[in-house]
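The next block is model08.txt, given as compact mmCIF, C-alpha atoms.
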# COMPACT_ATOMS: atom_id res chain seq x y z
CA VAL A 1 -67.00 158.31 139.21
CA TYR A 2 -64.14 158.25 141.74
CA LYS A 3 -64.54 154.52 142.25
CA VAL A 4 -64.45 153.90 138.50
CA ASN A 5 -61.27 155.99 138.22
CA ASN A 6 -59.71 154.14 141.15
CA LEU A 7 -60.64 150.80 139.59
CA GLY A 8 -58.89 151.95 136.40
CA LEU A 9 -55.81 152.81 138.47
CA ALA A 10 -55.92 149.41 140.16
CA PHE A 11 -55.78 147.74 136.75
CA PHE A 12 -53.01 150.11 135.65
CA VAL A 13 -50.70 149.25 138.55
CA ARG A 14 -51.26 145.56 137.76
CA ASN A 15 -50.19 146.19 134.14
CA LYS A 16 -53.68 145.41 132.88
CA HIS A 17 -53.73 148.47 130.67
CA SER A 18 -56.66 147.53 128.43
CA GLU A 19 -58.90 147.06 131.45
CA ALA A 20 -57.57 150.31 132.92
CA GLU A 21 -58.41 152.15 129.71
CA THR A 22 -61.98 150.81 129.75
CA HIS A 23 -62.61 152.01 133.31
CA LEU A 24 -60.93 155.38 132.84
CA ARG A 25 -62.96 156.05 129.69
CA ARG A 26 -66.07 155.11 131.64
CA ALA A 27 -65.12 157.58 134.38
CA LEU A 28 -64.85 160.31 131.74
CA GLU A 29 -68.25 159.34 130.30
CA LEU A 30 -69.70 159.84 133.78
CA GLU A 31 -67.80 163.08 134.39
CA PRO A 32 -66.19 164.59 131.24
CA ASN A 33 -64.39 167.29 133.27
CA TYR A 34 -62.74 164.87 135.69
CA THR A 35 -59.12 165.70 134.96
CA GLU A 36 -57.68 163.07 137.28
CA ALA A 37 -59.30 160.35 135.16
CA ARG A 38 -58.18 162.09 131.95
CA ASN A 39 -54.60 162.27 133.21
CA ASN A 40 -54.70 158.60 134.21
CA LEU A 41 -56.16 157.70 130.83
CA GLY A 42 -53.36 159.58 129.09
CA ARG A 43 -50.73 157.67 131.05
CA THR A 44 -52.50 154.39 130.30
CA LEU A 45 -52.62 155.18 126.58
CA ILE A 46 -48.85 155.75 126.63
CA GLU A 47 -48.40 152.25 128.06
CA LEU A 48 -50.67 150.90 125.33
CA GLY A 49 -48.53 152.61 122.68
CA LEU A 50 -51.38 154.91 121.64
CA ILE A 51 -49.21 158.00 121.86
CA ASP A 52 -51.28 160.36 119.68
CA ASP A 53 -54.41 159.51 121.68
CA ALA A 54 -52.46 160.03 124.91
CA ILE A 55 -51.26 163.46 123.77
CA LYS A 56 -54.81 164.47 122.89
CA GLU A 57 -56.06 163.56 126.39
CA LEU A 58 -53.07 165.01 128.22
CA GLU A 59 -53.20 168.31 126.36
CA ILE A 60 -56.77 168.69 127.63
CA ALA A 61 -55.63 167.77 131.14
CA THR A 62 -52.79 170.32 131.16
CA LYS A 63 -55.23 173.10 130.27
CA ASP A 64 -57.33 172.54 133.41
CA LEU A 65 -56.17 175.33 135.70
CA THR A 66 -58.17 173.88 138.59
CA TYR A 67 -56.43 170.49 138.55
CA LYS A 68 -54.68 169.92 141.89
CA PHE A 69 -51.74 168.01 140.37
CA PRO A 70 -50.69 169.83 137.18
CA GLU A 71 -47.18 168.41 137.51
CA GLN A 72 -48.57 164.94 136.82
CA SER A 73 -50.23 165.84 133.55
CA GLN A 74 -47.17 167.93 132.55
CA SER A 75 -44.93 164.93 133.22
CA ASN A 76 -47.18 162.50 131.37
CA LEU A 77 -47.41 164.82 128.37
CA GLY A 78 -43.62 165.11 128.38
CA ILE A 79 -43.33 161.32 128.45
CA ALA A 80 -45.76 161.04 125.54
CA TYR A 81 -43.74 163.49 123.44
CA PHE A 82 -40.57 161.62 124.40
CA HIS A 83 -42.09 158.46 122.92
CA LYS A 84 -42.81 160.41 119.73
CA ASN A 85 -39.11 161.36 119.60
CA GLN A 86 -40.06 165.02 120.03
CA TYR A 87 -37.41 165.55 122.68
CA ALA A 88 -37.34 169.35 122.81
CA LYS A 89 -41.10 169.48 123.28
CA ALA A 90 -40.95 166.66 125.84
CA GLN A 91 -38.26 168.57 127.71
CA GLN A 92 -40.52 171.64 128.08
CA TYR A 93 -43.27 169.69 129.82
CA LEU A 94 -40.91 167.62 131.94
CA LYS A 95 -39.05 170.74 133.06
CA GLU A 96 -42.32 172.38 134.07
CA SER A 97 -43.29 169.29 136.06
CA LEU A 98 -39.89 169.24 137.80
CA ARG A 99 -40.33 172.90 138.72
CA ILE A 100 -43.23 171.78 140.92
CA ARG A 101 -41.86 168.44 142.16
CA SER A 102 -38.13 168.36 141.59
CA SER A 103 -37.47 164.98 143.17
CA HIS A 104 -39.89 162.84 141.13
CA CYS A 105 -38.05 159.76 139.86
CA VAL A 106 -39.74 159.06 136.54
CA THR A 107 -39.98 162.70 135.52
CA SER A 108 -36.34 163.45 136.33
CA ASN A 109 -35.22 160.32 134.46
CA TYR A 110 -37.18 161.24 131.33
CA PHE A 111 -35.90 164.83 131.57
CA ALA A 112 -32.33 163.53 131.62
CA ARG A 113 -33.14 161.21 128.72
CA THR A 114 -34.31 164.20 126.64
CA LEU A 115 -30.95 165.89 127.27
CA PHE A 116 -29.18 162.70 126.21
CA GLU A 117 -31.25 162.34 123.02
CA LEU A 118 -30.59 166.01 122.20
CA LYS A 119 -26.86 165.28 122.62
CA ASN A 120 -26.43 167.62 125.60
CA PHE A 121 -24.24 165.02 127.28
CA LYS A 122 -22.68 167.27 129.91
CA GLU A 123 -26.08 168.46 131.14
CA ALA A 124 -27.43 164.92 130.78
CA SER A 125 -24.68 163.47 132.99
CA LEU A 126 -25.63 165.88 135.79
CA ALA A 127 -29.35 165.29 135.26
CA PHE A 128 -28.87 161.51 135.37
CA ASP A 129 -27.00 161.81 138.67
CA GLN A 130 -29.96 163.77 140.05
CA ALA A 131 -32.41 161.24 138.61
CA ALA A 132 -30.42 158.34 140.10
CA ASN A 133 -30.67 160.02 143.48
CA ASN A 134 -34.41 160.59 143.00
CA CYS A 135 -34.92 156.96 141.96
CA LYS A 136 -33.15 155.24 144.87
CA ASN A 137 -36.39 154.26 146.60
CA GLU A 138 -37.92 152.99 143.35
CA LYS A 139 -34.82 150.88 142.66
CA ILE A 140 -34.54 151.97 139.03
CA ASP A 141 -31.13 151.54 137.41
CA GLU A 142 -31.83 153.36 134.14
CA PRO A 143 -30.50 156.79 135.20
CA ILE A 144 -27.22 155.30 136.39
CA TYR A 145 -26.79 153.36 133.15
CA TYR A 146 -27.60 156.33 130.93
CA GLY A 147 -25.41 158.52 133.11
CA ALA A 148 -22.57 156.14 132.30
CA LEU A 149 -23.36 156.43 128.59
CA SER A 150 -23.36 160.22 128.92
CA PHE A 151 -19.89 160.13 130.44
CA LEU A 152 -18.73 157.84 127.64
CA LYS A 153 -19.98 160.38 125.10
CA LEU A 154 -17.89 162.97 126.97
CA ASP A 155 -14.84 160.65 126.78
CA ASN A 156 -14.77 160.39 130.57
CA VAL A 157 -14.15 156.66 130.72
CA GLU A 158 -13.45 156.51 134.47
CA GLU A 159 -16.79 158.12 135.41
CA ALA A 160 -18.56 155.85 132.91
CA ARG A 161 -16.85 152.76 134.31
CA ALA A 162 -17.77 153.78 137.88
CA ARG A 163 -21.43 154.07 136.94
CA PHE A 164 -21.56 150.77 135.05
CA GLU A 165 -20.02 149.15 138.15
CA GLU A 166 -22.59 150.96 140.31
CA VAL A 167 -25.41 149.44 138.25
CA LEU A 168 -23.99 145.96 138.89
CA ALA A 169 -23.34 146.60 142.58
CA GLN A 170 -26.72 148.15 143.38
CA TYR A 171 -28.94 146.39 140.84
CA PRO A 172 -27.34 143.02 139.94
CA ASN A 173 -30.70 141.83 138.57
CA GLY A 174 -31.74 145.20 137.19
CA MET A 175 -32.92 146.02 133.73
CA TYR A 176 -29.49 147.34 132.70
CA ALA A 177 -27.24 144.85 134.51
CA GLU A 178 -26.39 142.76 131.44
CA GLN A 179 -25.77 145.83 129.28
CA SER A 180 -23.53 147.26 132.00
CA LYS A 181 -21.50 144.02 132.08
CA LYS A 182 -21.07 144.20 128.31
CA MET A 183 -20.02 147.84 128.46
CA LEU A 184 -17.45 147.06 131.17
CA MET A 185 -16.02 144.30 128.97
CA ILE A 186 -15.75 146.71 126.04
CA LEU A 187 -14.03 149.29 128.25
CA LYS A 188 -11.63 146.63 129.54
CA GLU A 189 -10.69 145.74 125.96
CA ARG A 190 -10.15 149.45 125.12
CA LYS A 191 -7.33 149.82 127.66

Can the structure in the file be given as structure tokens, please?
Amino acid sequence: VYKVNNLGLAFFVRNKHSEAETHLRRALELEPNYTEARNNLGRTLIELGLIDDAIKELEIATKDLTYKFPEQSQSNLGIAYFHKNQYAKAQQYLKESLRIRSSHCVTSNYFARTLFELKNFKEASLAFDQAANNCKNEKIDEPIYYGALSFLKLDNVEEARARFEEVLAQYPNGMYAEQSKKMLMILKERK
């Protein structure tokens, strides 16, 4: 059962999510109480856009008090609720996950995103700074970009500009590089 789960994970990291789902479901057929496989299946279902199915699996996973990594299933359930636009509920699970592992990149970024979506821009700006710090090794520019947007919402143009420039300096080919360039142009025109 462990090999089947690990094979599912191997497909997941290669972005072969349908194959991952098949193997993770097989692992759960072999061992229905194997929470690691259930958690991995939940994360895979999120990637496949099957959010309701993911929530169903992850809610089961979060109830397993013997699971060694509850912060993972808490985080994944938070991410699933985020994708359903249920930001307050997502925030609960993400916060619980961060209580256990405060420096996790993806979890801290999604937590900050919930604050942003709930229009708590001051808290979001601080949370995005923390997420950016947590995500340095993963080379993810999203928290810096959204941190800049948070500062814009707070009418702090200088902090926003600094973060858009940081995206371009640190991640010139990043996911948010082009958007940061556009935002800097808009800010230049606003002067």

Practice item. Select, from A:Arg38, A:Lys182, A:Arg161, A:Lys95, the residue with the minimum atom-to-atom distance to Ser108 in chain A, counting all atoms listed in the file. Key: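 Of all the options, A:Lys95 lies closest to Ser108 in chain A.
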
Point to revise | For Ala177 in chain A, the nearest of the candidates A:Lys153, A:Ala148, A:Asp141, A:Gln74, counting all atoms listed in the file | key: A:Asp141

Practice item. Point out the residue among A:Gly8, A:Gly42, A:Gly174, A:Pro143 with the least atom-to-atom distance to Asn76 in chain A, counting only C-alpha atoms. Key: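 Looking at the shortest contact to Asn76 in chain A, the residue is A:Gly42.
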
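Using only C-alpha atoms, the shortest contact distance between Thr35 in chain A and any of A:Ala162, A:Val1, A:Ile79, A:Leu118 is found at A:Val1.
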
Exercise for review: Give as a PyMOL selection string every residue, naming chains and numbers as the document does, that has an atom within 10 Å of (-52.2, 171.7, 130.6), counting only C-alpha atoms.
Suggested key: chain A and resi 57-65+67+70-74+77+93

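Minimum atom-to-atom distance to Arg43 in chain A, evaluated using all atoms listed in the file, belongs to A:Ser75 out of A:Asn5, A:Thr66, A:Gln91, A:Ser75.
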
Padding 3 Å on each side, edges along x, y and z: where is the centre of the box around the listed atoms of range 10-29 of chain A, and how long are its edges in Å to one decimal? Output it as AutoDock Vina command-line options.
--center_x -59.2 --center_y 152.9 --center_z 134.3 --size_x 24.1 --size_y 20.9 --size_z 17.7

Exercise for review: Figure out the distance between CA of Ala124 in chain A and CA of Leu154 in chain A, please, to one decimal in Å.
Suggested key: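 These two atoms are separated by 10.5 Å.
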
**Study point:** Non-local contacts of Thr22 in chain A (12 Å; all atoms listed in the file; under 5 positions in same chain excluded) as an MDAnalysis selection string
**Key:** chainID A and resid 4:5 7:9 11:12 16:17 27:29 37 40:41 44:45

Exercise for review: Quick one: pull the distance between CA of Ile51 in chain A and CA of Lys84 in chain A, Å, one decimal.
Suggested key: 7.2 Å

Exercise for review: Fewer than 2 positions away in the same chain doesn't count, so skip those; otherwise give me all residues within 10 Å of Phe82 in chain A, counting all atoms listed in the file, as number ranges by chain.
Suggested key: A: 51, 76-80, 84-91, 94, 110-111, 113-114, 117

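Once Asn173 in chain A and its same-chain neighbours fewer than 6 positions away are set aside, Lys139, Ile140, Asp141, Val167, Gln179, Ser180 and Lys181 of chain A remain within 12 Å of it when counting all atoms listed in the file.
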
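Excluding Gln130 in chain A itself and any same-chain residue fewer than 6 positions from it, the protein and nucleic acid residues within 10 Å of it, counting only C-alpha atoms, are A:Ser102, A:Ser103, A:Cys105, A:Ser108, A:Asn109, A:Ala112, A:Ala124, A:Pro143, A:Ile144, A:Gly147.
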
Exercise for review: Could you tell me how far CA of Thr107 in chain A lies from CA of Asp155 in chain A, in Å and to one decimal?
Suggested key: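 According to the coordinates, CA of Thr107 in chain A and CA of Asp155 in chain A are separated by 26.7 Å.
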